[in-house]
$ cat model-v9.cif   # mmCIF, C-alpha atoms
data_final
#
loop_
_atom_site.label_atom_id
_atom_site.label_comp_id
_atom_site.auth_asym_id
_atom_site.auth_seq_id
_atom_site.Cartn_x
_atom_site.Cartn_y
_atom_site.Cartn_z
CA MET A 1 85.97 -70.99 -50.75
CA ARG A 2 85.30 -67.32 -51.42
CA ARG A 3 88.82 -66.45 -50.30
CA ARG A 4 90.15 -68.92 -52.81
CA ASN A 5 88.16 -67.20 -55.55
CA LEU A 6 89.62 -63.93 -54.48
CA LEU A 7 93.10 -65.39 -54.74
CA LEU A 8 92.31 -66.40 -58.30
CA VAL A 9 91.27 -62.90 -59.24
CA LEU A 10 93.79 -60.75 -57.44
CA PRO A 11 97.13 -61.58 -59.10
CA PRO A 12 96.14 -60.59 -62.65
CA LEU A 13 94.36 -57.50 -61.42
CA ALA A 14 97.33 -56.44 -59.35
CA ALA A 15 99.66 -56.99 -62.29
CA ALA A 16 97.42 -54.96 -64.56
CA LEU A 17 97.23 -52.06 -62.19
CA ALA A 18 100.88 -52.12 -61.20
CA CYS A 19 102.29 -51.96 -64.73
CA GLU A 20 101.87 -48.34 -65.65
CA SER A 21 101.95 -47.63 -69.33
CA SER A 22 105.09 -46.23 -70.90
CA GLN A 23 104.84 -42.93 -72.71
CA GLY A 24 106.61 -41.92 -75.87
CA PRO A 25 110.38 -41.65 -75.96
CA GLN A 26 112.34 -38.48 -75.39
CA ARG A 27 113.30 -37.12 -78.80
CA PRO A 28 115.99 -34.62 -79.71
CA ALA A 29 114.71 -31.29 -81.01
CA PRO A 30 114.24 -31.41 -84.78
CA TYR A 31 116.18 -29.16 -87.10
CA GLU A 32 114.48 -26.99 -89.72
CA PHE A 33 112.45 -28.86 -92.29
CA ARG A 34 110.36 -26.06 -93.75
CA LEU A 35 111.01 -24.59 -97.18
CA ALA A 36 113.67 -21.90 -96.82
CA GLY A 37 112.26 -18.40 -96.56
CA THR A 38 108.72 -19.66 -96.04
CA ASP A 39 106.70 -21.56 -93.47
CA SER A 40 105.67 -24.04 -96.13
CA VAL A 41 105.69 -27.73 -95.27
CA PHE A 42 105.69 -30.63 -97.69
CA HIS A 43 105.37 -34.31 -97.02
CA TRP A 44 103.84 -37.23 -98.83
CA PRO A 45 100.25 -37.76 -97.73
CA VAL A 46 99.00 -41.26 -96.95
CA SER A 47 96.84 -41.09 -100.07
CA SER A 48 100.00 -40.85 -102.23
CA GLN A 49 101.71 -43.86 -100.73
CA PRO A 50 103.62 -45.92 -101.36
CA VAL A 51 105.72 -43.18 -102.88
CA ARG A 52 107.24 -44.56 -106.06
CA PHE A 53 110.95 -44.00 -106.68
CA TYR A 54 112.85 -44.70 -109.86
CA ALA A 55 116.62 -44.82 -110.26
CA GLU A 56 118.42 -44.56 -113.55
CA PRO A 57 120.14 -47.93 -114.05
CA VAL A 58 123.67 -46.57 -113.80
CA GLY A 59 126.30 -48.10 -111.51
CA ASN A 60 124.93 -48.86 -108.05
CA LEU A 61 122.26 -46.17 -108.22
CA PRO A 62 119.28 -48.59 -108.08
CA GLU A 63 120.83 -50.36 -105.06
CA ASP A 64 121.63 -47.04 -103.39
CA LEU A 65 118.06 -45.90 -103.93
CA ALA A 66 116.59 -49.12 -102.49
CA TYR A 67 118.89 -48.74 -99.51
CA ALA A 68 117.85 -45.11 -99.03
CA VAL A 69 114.12 -45.84 -99.25
CA ALA A 70 114.44 -48.63 -96.69
CA ALA A 71 116.64 -46.53 -94.41
CA TRP A 72 114.11 -43.70 -94.28
CA GLN A 73 111.09 -45.97 -94.01
CA ARG A 74 112.66 -47.58 -90.94
CA GLN A 75 112.57 -44.23 -89.16
CA PHE A 76 108.78 -44.38 -88.94
CA LEU A 77 106.65 -46.38 -86.55
CA TYR A 78 103.10 -45.48 -87.43
CA GLY A 79 102.87 -46.05 -91.18
CA GLU A 80 103.44 -42.37 -91.98
CA PHE A 81 105.66 -43.10 -94.97
CA ARG A 82 106.02 -46.03 -97.33
CA GLY A 83 108.18 -46.10 -100.40
CA ALA A 84 108.60 -48.48 -103.31
CA VAL A 85 111.17 -48.69 -106.08
CA VAL A 86 109.64 -48.94 -109.55
CA ALA A 87 111.22 -50.08 -112.80
CA ASP A 88 109.65 -47.48 -115.09
CA SER A 89 110.27 -43.76 -114.66
CA ALA A 90 106.80 -43.07 -116.07
CA ASP A 91 105.33 -44.65 -112.94
CA ALA A 92 107.53 -42.72 -110.52
CA ASP A 93 106.82 -39.87 -108.14
CA VAL A 94 110.55 -39.24 -107.65
CA ILE A 95 113.20 -39.80 -110.31
CA VAL A 96 116.86 -40.23 -109.35
CA THR A 97 119.49 -39.78 -112.04
CA MET A 98 123.25 -39.89 -112.33
CA GLU A 99 124.51 -36.63 -113.82
CA ALA A 100 127.85 -38.14 -114.75
CA ASP A 101 129.28 -41.23 -116.40
CA ALA A 102 128.84 -44.55 -114.67
CA PRO A 103 131.04 -44.53 -111.56
CA PRO A 104 133.86 -47.08 -111.20
CA ASP A 105 132.70 -50.47 -110.00
CA ALA A 106 134.07 -50.67 -106.47
CA PRO A 107 132.72 -52.21 -103.27
CA LEU A 108 131.38 -50.33 -100.28
CA THR A 109 133.99 -50.04 -97.55
CA ASP A 110 134.35 -48.68 -94.03
CA ASP A 111 136.93 -46.13 -95.13
CA PRO A 112 136.63 -42.65 -93.65
CA PRO A 113 134.07 -40.62 -95.60
CA ARG A 114 135.34 -38.39 -98.36
CA MET A 115 133.12 -35.95 -100.20
CA VAL A 116 133.91 -37.07 -103.74
CA CYS A 117 130.35 -36.74 -104.95
CA GLU A 118 127.44 -34.36 -104.69
CA GLY A 119 123.74 -34.28 -105.22
CA GLN A 120 120.74 -32.03 -105.39
CA THR A 121 117.00 -32.37 -105.13
CA LEU A 122 115.14 -30.23 -107.61
CA LEU A 123 111.90 -28.91 -106.25
CA PRO A 124 109.42 -28.27 -109.04
CA PRO A 125 107.50 -25.01 -109.26
CA ARG A 126 104.36 -24.85 -107.18
CA ALA A 127 100.93 -24.09 -108.53
CA VAL A 128 97.44 -23.87 -107.15
CA ASP A 129 95.21 -26.51 -108.67
CA GLY A 130 91.54 -26.19 -109.54
CA THR A 131 90.50 -27.02 -105.98
CA GLY A 132 92.65 -24.31 -104.40
CA VAL A 133 95.34 -26.73 -103.20
CA THR A 134 99.01 -25.89 -103.68
CA ARG A 135 100.87 -28.68 -105.41
CA PHE A 136 104.19 -29.31 -107.00
CA ALA A 137 103.63 -29.00 -110.72
CA GLU A 138 105.88 -31.95 -111.60
CA ARG A 139 107.63 -34.97 -110.18
CA LEU A 140 110.51 -34.41 -107.81
CA ARG A 141 113.94 -35.05 -109.29
CA VAL A 142 117.13 -36.02 -107.53
CA GLU A 143 120.50 -35.72 -109.24
CA VAL A 144 123.81 -37.12 -108.05
CA TRP A 145 127.29 -36.99 -109.55
CA TRP A 146 130.85 -37.85 -108.62
CA PHE A 147 134.43 -36.68 -109.00
CA ALA A 148 137.50 -38.65 -109.98
CA THR A 149 139.56 -39.87 -107.05
CA PRO A 150 142.36 -42.43 -106.57
CA ASN A 151 140.22 -44.71 -104.39
CA PRO A 152 137.09 -45.79 -106.30
CA SER A 153 135.43 -47.09 -103.11
CA ASP A 154 135.34 -43.50 -101.86
CA ILE A 155 132.97 -42.78 -104.75
CA THR A 156 130.79 -45.83 -104.00
CA ASN A 157 130.61 -44.86 -100.32
CA CYS A 158 129.91 -41.21 -101.11
CA LEU A 159 127.12 -41.98 -103.58
CA ARG A 160 125.41 -44.20 -100.97
CA ARG A 161 125.51 -41.38 -98.39
CA VAL A 162 124.51 -38.62 -100.76
CA THR A 163 121.66 -40.58 -102.35
CA THR A 164 120.25 -41.29 -98.89
CA HIS A 165 120.72 -37.64 -97.92
CA GLU A 166 118.94 -36.40 -101.03
CA LEU A 167 116.09 -38.78 -100.42
CA GLY A 168 115.63 -37.04 -97.08
CA HIS A 169 114.96 -33.87 -99.08
CA ALA A 170 112.59 -35.75 -101.37
CA LEU A 171 110.65 -36.85 -98.29
CA GLY A 172 110.19 -33.20 -97.38
CA ILE A 173 113.15 -32.24 -95.20
CA PHE A 174 113.96 -29.01 -96.98
CA GLY A 175 116.46 -27.82 -94.38
CA HIS A 176 119.83 -29.06 -93.20
CA SER A 177 121.26 -30.09 -89.87
CA THR A 178 124.26 -28.26 -88.49
CA ASP A 179 125.49 -31.37 -86.69
CA PRO A 180 127.91 -33.51 -88.75
CA VAL A 181 126.65 -36.73 -87.11
CA ASP A 182 123.31 -36.23 -88.84
CA LEU A 183 122.68 -37.59 -92.31
CA MET A 184 121.06 -34.30 -93.27
CA HIS A 185 124.24 -32.30 -92.61
CA PRO A 186 125.15 -30.54 -95.89
CA GLN A 187 128.19 -32.82 -96.19
CA PRO A 188 126.92 -36.15 -94.93
CA SER A 189 129.51 -38.41 -93.32
CA VAL A 190 127.05 -41.16 -92.36
CA ALA A 191 124.74 -43.30 -94.47
CA GLN A 192 122.02 -43.84 -91.88
CA PRO A 193 119.60 -41.30 -90.41
CA SER A 194 120.58 -40.35 -86.87
CA THR A 195 118.28 -40.05 -83.88
CA ARG A 196 117.86 -36.37 -84.71
CA ASP A 197 117.17 -37.11 -88.37
CA ARG A 198 114.48 -39.52 -87.15
CA SER A 199 113.02 -36.95 -84.81
CA THR A 200 112.96 -34.38 -87.62
CA VAL A 201 111.27 -36.58 -90.18
CA GLU A 202 108.77 -37.82 -87.58
CA THR A 203 107.91 -34.25 -86.66
CA LEU A 204 107.61 -33.34 -90.33
CA TYR A 205 105.15 -36.16 -91.01
CA HIS A 206 103.01 -35.14 -88.04
CA THR A 207 102.92 -31.48 -89.12
CA GLU A 208 100.18 -30.37 -91.45
CA ALA A 209 101.51 -29.91 -94.96
CA ASP A 210 100.48 -26.99 -97.14
CA ILE A 211 102.16 -28.28 -100.29
CA LEU A 212 100.93 -31.49 -101.85
CA PRO A 213 102.77 -33.62 -104.41
CA TRP A 214 102.22 -33.63 -108.10
CA VAL A 215 99.63 -36.18 -109.15
CA ALA A 216 99.45 -37.70 -112.60
CA ALA A 217 95.68 -37.76 -112.71
CA GLY A 218 95.08 -34.72 -110.55
CA PRO A 219 93.21 -31.53 -111.44
CA PRO A 220 94.77 -29.59 -114.30
CA LEU A 221 97.40 -27.09 -113.22
CA PRO A 222 97.41 -23.58 -114.62
CA MET B 1 99.56 -85.66 -64.89
CA ARG B 2 99.46 -83.40 -67.91
CA PRO B 3 95.95 -82.24 -68.75
CA ALA B 4 96.88 -81.25 -72.29
CA ALA B 5 98.19 -84.72 -72.90
CA TRP B 6 94.87 -86.12 -71.67
CA LEU B 7 92.74 -83.98 -73.89
CA LEU B 8 94.06 -84.79 -77.30
CA PRO B 9 93.80 -88.58 -77.08
CA GLY B 10 90.36 -88.15 -75.59
CA LEU B 11 89.25 -86.06 -78.51
CA LEU B 12 90.68 -88.41 -81.07
CA ALA B 13 89.81 -91.76 -79.57
CA GLY B 14 86.47 -93.51 -79.63
CA ALA B 15 84.10 -93.68 -76.69
CA SER B 16 86.03 -93.69 -73.42
CA PRO B 17 85.47 -92.52 -69.88
CA LEU B 18 87.47 -89.39 -70.58
CA GLN B 19 85.70 -88.56 -73.81
CA ALA B 20 82.41 -88.96 -71.98
CA GLN B 21 83.41 -86.02 -69.81
CA LEU B 22 84.75 -83.73 -72.50
CA ALA B 23 83.11 -80.52 -73.60
CA ALA B 24 83.87 -78.53 -76.71
CA ASP B 25 83.28 -74.78 -76.99
CA VAL B 26 82.83 -72.42 -79.90
CA LEU B 27 82.96 -68.71 -79.09
CA ALA B 28 82.17 -65.96 -81.60
CA GLY B 29 82.19 -62.30 -80.74
CA ALA B 30 84.23 -59.14 -80.75
CA ALA B 31 87.55 -58.16 -79.17
CA TRP B 32 88.52 -54.71 -77.94
CA SER B 33 92.09 -53.77 -77.09
CA SER B 34 93.58 -50.82 -75.30
CA PRO B 35 96.33 -48.98 -77.26
CA LEU B 36 99.53 -50.86 -78.01
CA VAL B 37 101.40 -47.56 -78.13
CA ARG B 38 100.88 -44.07 -76.76
CA ASP B 39 103.19 -41.40 -78.06
CA GLU B 40 103.41 -37.68 -78.61
CA ILE B 41 105.28 -36.26 -81.58
CA VAL B 42 103.46 -33.05 -82.48
CA ALA B 43 100.25 -34.07 -80.72
CA PRO B 44 99.33 -37.10 -78.61
CA LEU B 45 98.61 -40.21 -80.63
CA THR B 46 97.62 -43.78 -79.98
CA VAL B 47 98.03 -46.97 -81.99
CA ALA B 48 95.49 -49.72 -81.34
CA PRO B 49 93.69 -52.55 -83.07
CA GLN B 50 90.15 -51.65 -84.03
CA ILE B 51 87.38 -53.67 -82.42
CA ALA B 52 87.79 -56.99 -84.18
CA PRO B 53 85.54 -59.93 -84.90
CA SER B 54 86.82 -62.87 -82.88
CA LEU B 55 86.44 -66.61 -82.94
CA ALA B 56 87.69 -69.19 -80.43
CA LEU B 57 87.59 -72.94 -80.03
CA GLY B 58 88.10 -74.79 -76.80
CA ALA B 59 87.95 -78.15 -75.14
CA SER B 60 87.74 -78.93 -71.45
CA PHE B 61 87.14 -81.74 -69.00
CA PRO B 62 86.02 -81.73 -65.37
CA LEU B 63 88.54 -81.98 -62.55
CA ASN B 64 85.80 -82.42 -59.96
CA ASP B 65 82.27 -81.21 -59.34
CA ARG B 66 83.21 -77.53 -59.54
CA TYR B 67 86.32 -77.18 -61.68
CA ARG B 68 87.06 -77.78 -65.33
CA LEU B 69 90.42 -77.56 -67.06
CA GLY B 70 90.78 -76.91 -70.74
CA LEU B 71 92.57 -75.37 -73.67
CA ARG B 72 91.34 -72.56 -75.87
CA VAL B 73 92.69 -71.02 -79.05
CA GLY B 74 91.35 -67.77 -80.46
CA TRP B 75 91.61 -65.51 -83.46
CA ALA B 76 90.74 -61.86 -84.03
CA ARG B 77 91.46 -59.69 -87.05
CA ASN B 78 90.99 -56.06 -87.98
CA ASP B 79 93.03 -52.99 -88.85
CA LEU B 80 95.70 -51.53 -86.62
CA VAL B 81 94.93 -47.81 -86.61
CA ARG B 82 96.64 -44.61 -85.58
CA THR B 83 94.47 -42.00 -83.91
CA GLU B 84 95.80 -38.48 -83.75
CA GLN B 85 93.93 -35.22 -83.23
CA GLY B 86 90.62 -36.99 -83.73
CA GLU B 87 91.66 -38.49 -87.05
CA THR B 88 92.00 -42.24 -87.50
CA THR B 89 94.32 -43.75 -90.12
CA ALA B 90 94.65 -47.45 -90.90
CA ILE B 91 98.22 -48.70 -90.68
CA LEU B 92 97.93 -52.38 -91.59
CA PRO B 93 95.70 -55.41 -91.03
CA LEU B 94 96.45 -57.19 -87.79
CA THR B 95 95.60 -60.72 -86.74
CA VAL B 96 95.90 -61.67 -83.08
CA TRP B 97 96.11 -65.38 -82.24
CA SER B 98 95.61 -66.43 -78.67
CA GLY B 99 96.09 -69.66 -76.79
CA ALA B 100 95.48 -70.41 -73.15
CA VAL B 101 95.05 -73.02 -70.50
CA VAL B 102 91.69 -72.33 -68.87
CA LEU B 103 90.64 -73.19 -65.35
CA GLU B 104 86.88 -72.79 -64.99
CA ARG B 105 84.91 -72.92 -61.80
CA ALA B 106 81.15 -73.05 -61.38
CA VAL B 107 80.22 -70.08 -59.20
CA ILE B 108 76.46 -70.05 -59.03
CA ARG B 109 73.81 -71.75 -61.08
CA GLN B 110 74.56 -71.34 -64.79
CA VAL B 111 77.47 -69.00 -64.13
CA ALA B 112 81.14 -69.95 -64.17
CA ALA B 113 84.27 -67.91 -63.64
CA GLU B 114 87.57 -68.71 -65.30
CA ALA B 115 91.23 -67.88 -65.07
CA ARG B 116 93.54 -68.23 -68.03
CA ILE B 117 97.24 -68.29 -68.65
CA GLY B 118 98.68 -68.38 -72.13
CA GLY B 119 99.90 -66.07 -74.81
CA LEU B 120 99.09 -63.90 -77.78
CA LYS B 121 100.75 -63.91 -81.15
CA TYR B 122 100.56 -60.68 -83.13
CA ALA B 123 100.58 -61.40 -86.86
CA PRO B 124 100.57 -58.20 -88.91
CA GLY B 125 99.60 -58.45 -92.56
CA GLY B 126 100.83 -56.64 -95.63
CA ASP B 127 103.95 -54.50 -95.71
CA THR B 128 105.08 -53.98 -92.12
CA GLY B 129 107.90 -51.59 -93.06
CA GLY B 130 107.71 -48.25 -91.29
CA THR B 131 105.46 -49.59 -88.54
CA ILE B 132 105.78 -50.84 -84.99
CA PHE B 133 105.93 -54.38 -86.40
CA ASP B 134 108.69 -53.82 -88.98
CA GLY B 135 110.00 -57.39 -89.31
CA ASP B 136 108.77 -58.33 -85.84
CA ALA B 137 105.67 -60.35 -84.93
CA PRO B 138 105.88 -60.76 -81.18
CA PHE B 139 104.52 -63.55 -79.03
CA VAL B 140 103.62 -62.25 -75.59
CA PRO B 141 102.54 -64.15 -72.48
CA SER B 142 99.15 -63.18 -71.14
CA ILE B 143 96.87 -63.81 -68.20
CA GLY B 144 93.16 -63.35 -68.04
CA LEU B 145 89.87 -63.74 -66.27
CA GLY B 146 86.42 -64.43 -67.59
CA VAL B 147 82.83 -65.12 -66.81
CA ARG B 148 80.53 -67.47 -68.69
CA THR B 149 76.80 -67.77 -68.36
CA TRP B 150 74.82 -70.43 -70.12
CA HIS B 151 71.42 -71.77 -70.86
CA PRO B 152 70.86 -75.44 -71.77
CA VAL B 153 69.12 -75.98 -75.08
CA SER B 154 69.33 -79.77 -75.02
CA ASP B 155 70.89 -82.54 -72.98
CA ARG B 156 74.24 -81.84 -74.51
CA LEU B 157 74.11 -78.31 -75.90
CA GLN B 158 74.38 -75.01 -74.08
CA ILE B 159 74.31 -71.52 -75.45
CA GLY B 160 75.62 -68.62 -73.47
CA LEU B 161 77.55 -65.41 -73.14
CA HIS B 162 81.23 -65.15 -72.35
CA VAL B 163 83.12 -62.06 -71.24
CA ALA B 164 86.89 -62.32 -71.04
CA TYR B 165 89.60 -59.97 -69.93
CA ASP B 166 93.28 -60.40 -70.87
CA PHE B 167 96.37 -58.57 -69.80
CA HIS B 168 99.77 -58.57 -71.44
CA ARG B 169 102.83 -56.43 -71.97
CA PHE B 170 103.63 -55.27 -75.49
CA GLU B 171 106.84 -54.19 -77.15
CA THR B 172 108.59 -54.76 -80.44
CA GLN B 173 112.11 -54.30 -81.73
CA PRO B 174 111.16 -51.25 -83.85
CA LEU B 175 109.67 -49.60 -80.75
CA LYS B 176 112.90 -50.22 -78.86
CA SER B 177 114.89 -48.83 -81.79
CA GLY B 178 112.58 -45.82 -81.75
CA GLY B 179 113.52 -45.04 -78.17
CA PHE B 180 110.77 -46.77 -76.20
CA THR B 181 112.46 -48.07 -73.08
CA SER B 182 109.77 -50.27 -71.57
CA ALA B 183 106.89 -52.46 -72.61
CA ARG B 184 103.38 -51.14 -72.46
CA SER B 185 100.50 -52.72 -70.53
CA VAL B 186 97.73 -53.79 -72.86
CA HIS B 187 94.24 -54.82 -71.83
CA ARG B 188 91.84 -56.80 -74.00
CA VAL B 189 88.18 -57.49 -73.49
CA THR B 190 86.35 -60.05 -75.59
CA VAL B 191 82.59 -60.53 -75.53
CA SER B 192 81.34 -63.67 -77.22
CA ALA B 193 78.30 -65.79 -77.77
CA THR B 194 79.14 -69.38 -76.84
CA LEU B 195 78.06 -72.81 -77.84
CA ARG B 196 79.15 -75.74 -75.67
CA TRP B 197 78.73 -79.34 -76.65
CA SER B 198 79.17 -81.85 -73.86
CA ALA B 199 79.73 -85.56 -74.25
CA LYS B 200 77.29 -86.04 -71.41
CA ARG B 201 74.75 -83.70 -69.92
CA GLU B 202 76.28 -81.00 -67.77
CA THR B 203 74.97 -80.89 -64.20
CA PRO B 204 76.90 -78.04 -62.61
#

$ encode --input "model-v9.cif" --output "structure tokens"
Amino acid sequence: MRRRNLLLVLPPLAAALACESSQGPQRPAPYEFRLAGTDSVFHWPVSSQPVRFYAEPVGNLPEDLAYAVAAWQRQFLYGEFRGAVVADSADADVIVTMEADAPPDAPLTDDPPRMVCEGQTLLPPRAVDGTGVTRFAERLRVEVWWFATPNPSDITNCLRRVTTHELGHALGIFGHSTDPVDLMHPQPSVAQPSTRDRSTVETLYHTEADILPWVAAGPPLP
Amino acid sequence: MRPAAWLLPGLLAGASPLQAQLAADVLAGAAWSSPLVRDEIVAPLTVAPQIAPSLALGASFPLNDRYRLGLRVGWARNDLVRTEQGETTAILPLTVWSGAVVLERAVIRQVAAEARIGGLKYAPGGDTGGTIFDGDAPFVPSIGLGVRTWHPVSDRLQIGLHVAYDFHRFETQPLKSGGFTSARSVHRVTVSATLRWSAKRETP
């Protein structure tokens, strides 16, 4: 009877001991994410999340922004970053605007990427608040614009890629990749973060930041 | 013969020979789990449920003088947390449902051992985006062992202590997308106070 008891116990124990735990995945080396010319690191702290994004209601910009927020959020596994799209710019931490007329209404396509639009992320001045913490003095702003081209879908496709690229900067990736397969290449040809983009943003969000975001109700800035 | 098919009619029907042999259990305690994920990005980190209050209900009937067969469903809920460089950050609330077929055997006086086979259902709460559960709430098969001790408080009631161990493998689609190539072994230990009501006095 005791042998039978042993038989009851052994299979689960053997299974538990035999299945060695998997470790983390191999990740490609990240590209530079620090602020150019400095060692400064910025990312959104957990206390500031969900980060609130607002898009000017022009063309597909709100849809492009929602796509970009979701695309970046999917790169995380451990709740490091959460974003939300808000309807009022007064509630936003990041404001995205179209610095041009409304683009032509054309569907997204799989056409080869053409750089018929551009964008920039404007980093506000930094200031030391009353507690000695360095913060951005204002909200972050992202601007995108487009150029006339015979195929309007090229503009739609480009604005999707560039908005997502610029959001990578707004998350704190202040550098660029040199590899054109990465979304954070200066001229993005893809609309989704690559494995290296993921590795970079993961590394960024596990690196201690020395710049904190602007806060509406924070200590007064000089 | 399907024991599960026996149990339900026995519970629902009036007095019957089967009902006369049934026992119902309530277990309340705490569940500990080993990490669901171990990773290293800048520094090593783990992701694990915090020790969670747990509750389970069960029903069983005797197969013979020594063995009982039963079903048990359980619930545990607390935060899933990330621990990195000594700092713990809550990710989201996590409920773990469990269900198992339980084979219990009296070992010595007022002590029984059990083996279980069943599964766990992870049910994350809140916004799961940007987490290991992003759009995925896995069901995983599990096996387990346990020990129950008891003390009779009346002809039909017993109170006792139950210690259970479960083993399962854990993975989710976001983990696979993130480059994890294999499931991770997860161990759970639950310690509970038990209350057993028997339709007739237990004489193990």

$ atom_distance --input "model-v9.cif" --atom1 "atom CA of B:Arg66" --atom2 "atom CA of B:Leu195"
19.6 Å

$ closest_atom_pairs --input "model-v9.cif" --of "chain B" --to "chain A" --cutoff "8 Å" --atoms "all atoms listed in the file" --output "tab-separated table"
residue	atom	partner	partner_atom	distance
B:Val37	CA	A:Gln23	CA	7.9
B:Arg38	CA	A:Gln23	CA	5.8
B:Asp39	CA	A:Gly24	CA	4.1
B:Glu40	CA	A:Gly24	CA	6.0
B:Ile41	CA	A:Thr203	CA	6.1
B:Val42	CA	A:His206	CA	6.0
B:Ala43	CA	A:His206	CA	7.9
B:Val47	CA	A:Tyr78	CA	7.6
B:Arg82	CA	A:Tyr78	CA	6.8
B:Ile91	CA	A:Gly79	CA	5.4
B:Ala115	CA	A:Leu8	CA	7.0
B:Gly129	CA	A:Gln73	CA	6.5
B:Gly130	CA	A:Phe76	CA	4.7
B:Thr131	CA	A:Leu77	CA	4.0
B:Ile132	CA	A:Leu77	CA	4.8
B:Asp134	CA	A:Arg74	CA	7.7
B:Ile143	CA	A:Pro12	CA	6.5
B:Gly144	CA	A:Pro12	CA	6.7
B:Leu145	CA	A:Val9	CA	7.2
B:Phe167	CA	A:Ala16	CA	6.4
B:Pro174	CA	A:Leu77	CA	7.2
B:Leu175	CA	A:Leu77	CA	7.3
B:Gly178	CA	A:Pro25	CA	7.5
B:Gly179	CA	A:Pro25	CA	5.1
B:Phe180	CA	A:Pro25	CA	5.1
B:Thr181	CA	A:Pro25	CA	7.3
B:Ser182	CA	A:Ser22	CA	6.2
B:Ala183	CA	A:Ser22	CA	6.7
B:Arg184	CA	A:Ser21	CA	4.9
B:Ser185	CA	A:Ser21	CA	5.4
B:His187	CA	A:Ala16	CA	7.9

$ atom_distance --input "model-v9.cif" --atom1 "atom CA of A:Leu123" --atom2 "atom CA of A:Asp93"
12.2 Å

$ atom_distance --input "model-v9.cif" --atom1 "atom CA of B:Trp32" --atom2 "atom CA of B:Pro49"
7.6 Å

$ residues_around --input "model-v9.cif" --residues "stretch 102-105 of chain A" --least-positions-apart "2" --cutoff "9 Å" --atoms "all atoms listed in the file" --output "list in words"
Val58, Gly59, Asn60, Met98, Ala100, Pro107, Trp145, Trp146, Phe147, Ala148, Pro152, Ser153, Ile155 and Thr156 of chain A

$ write_last_selection --input "model-v9.cif" --atoms "C-alpha atoms" --output "compact mmCIF listing (two decimals), in the coordinates of the input"
# COMPACT_ATOMS: atom_id res chain seq x y z
CA VAL A 58 123.67 -46.57 -113.80
CA GLY A 59 126.30 -48.10 -111.51
CA ASN A 60 124.93 -48.86 -108.05
CA MET A 98 123.25 -39.89 -112.33
CA ALA A 100 127.85 -38.14 -114.75
CA PRO A 107 132.72 -52.21 -103.27
CA TRP A 145 127.29 -36.99 -109.55
CA TRP A 146 130.85 -37.85 -108.62
CA PHE A 147 134.43 -36.68 -109.00
CA ALA A 148 137.50 -38.65 -109.98
CA PRO A 152 137.09 -45.79 -106.30
CA SER A 153 135.43 -47.09 -103.11
CA ILE A 155 132.97 -42.78 -104.75
CA THR A 156 130.79 -45.83 -104.00

$ resolve_selection --input "model-v9.cif" --expression "the PyMOL selection byres ((chain B and resi 73) around 6)" --output "NGL selection string"
:B and (56-57 or 72 or 74 or 98-99)

$ closest_residue --input "model-v9.cif" --among "B:Val102, B:Val140, B:Leu94, B:Ala28" --to "B:Pro124" --atoms "all atoms listed in the file"
B:Leu94

$ residues_around --input "model-v9.cif" --residues "B:Pro152" --least-positions-apart "4" --cutoff "10 Å" --atoms "only C-alpha atoms" --output "NGL selection string"
:B and (110 or 156-160 or 195-196 or 201-202)

$ residues_near_point --input "model-v9.cif" --point "(119.1, -49.7, -98.2)" --cutoff "12 Å" --atoms "all atoms listed in the file" --output "MDAnalysis selection string"
chainID A and resid 60:74 83:85 160:161 163:164 167 191:193

$ resolve_selection --input "model-v9.cif" --expression "the PyMOL selection byres ((chain A and resi 87) around 10)" --output "PyMOL selection string"
chain A and resi 52-57+62+84-86+88-92

$ resolve_selection --input "model-v9.cif" --expression "the PyMOL selection byres ((chain B and resi 189) around 8)" --output "list of chain:residue names"
B:Ala31, B:Trp32, B:Ser33, B:Val163, B:Ala164, B:Tyr165, B:Asp166, B:His187, B:Arg188, B:Thr190, B:Val191

$ residues_around --input "model-v9.cif" --residues "A:Val162" --least-positions-apart "2" --cutoff "7 Å" --atoms "all atoms listed in the file" --output "mmCIF file with C-alpha atoms, in the coordinates of the input"
data_model
loop_
_atom_site.group_PDB
_atom_site.id
_atom_site.type_symbol
_atom_site.label_atom_id
_atom_site.label_comp_id
_atom_site.auth_asym_id
_atom_site.auth_seq_id
_atom_site.Cartn_x
_atom_site.Cartn_y
_atom_site.Cartn_z
ATOM 1 C CA GLU A 118 127.440 -34.360 -104.690
ATOM 2 C CA GLY A 119 123.740 -34.280 -105.220
ATOM 3 C CA CYS A 158 129.910 -41.210 -101.110
ATOM 4 C CA LEU A 159 127.120 -41.980 -103.580
ATOM 5 C CA ARG A 160 125.410 -44.200 -100.970
ATOM 6 C CA THR A 164 120.250 -41.290 -98.890
ATOM 7 C CA HIS A 165 120.720 -37.640 -97.920
ATOM 8 C CA GLU A 166 118.940 -36.400 -101.030
ATOM 9 C CA PRO A 188 126.920 -36.150 -94.930
#

$ residues_around --input "model-v9.cif" --residues "A:Thr134" --least-positions-apart "6" --cutoff "8 Å" --atoms "all atoms listed in the file" --output "list in words"
Arg126, Ala127, Val128, Asp210, Ile211 and Leu212 of chain A

$ residues_near_point --input "model-v9.cif" --point "(103.1, -56.6, -75.7)" --cutoff "9 Å" --atoms "all atoms listed in the file" --output "number ranges by chain"
B: 36, 120, 122, 138-142, 168-172, 183-186

$ closest_residue --input "model-v9.cif" --among "A:Leu122, A:Pro213, A:Asp197, A:Leu183" --to "A:Val41" --atoms "all atoms listed in the file"
A:Pro213

$ closest_residue --input "model-v9.cif" --among "B:Pro53, B:Gly29, B:Gly118, B:Pro35" --to "B:Gly70" --atoms "only C-alpha atoms"
B:Gly118
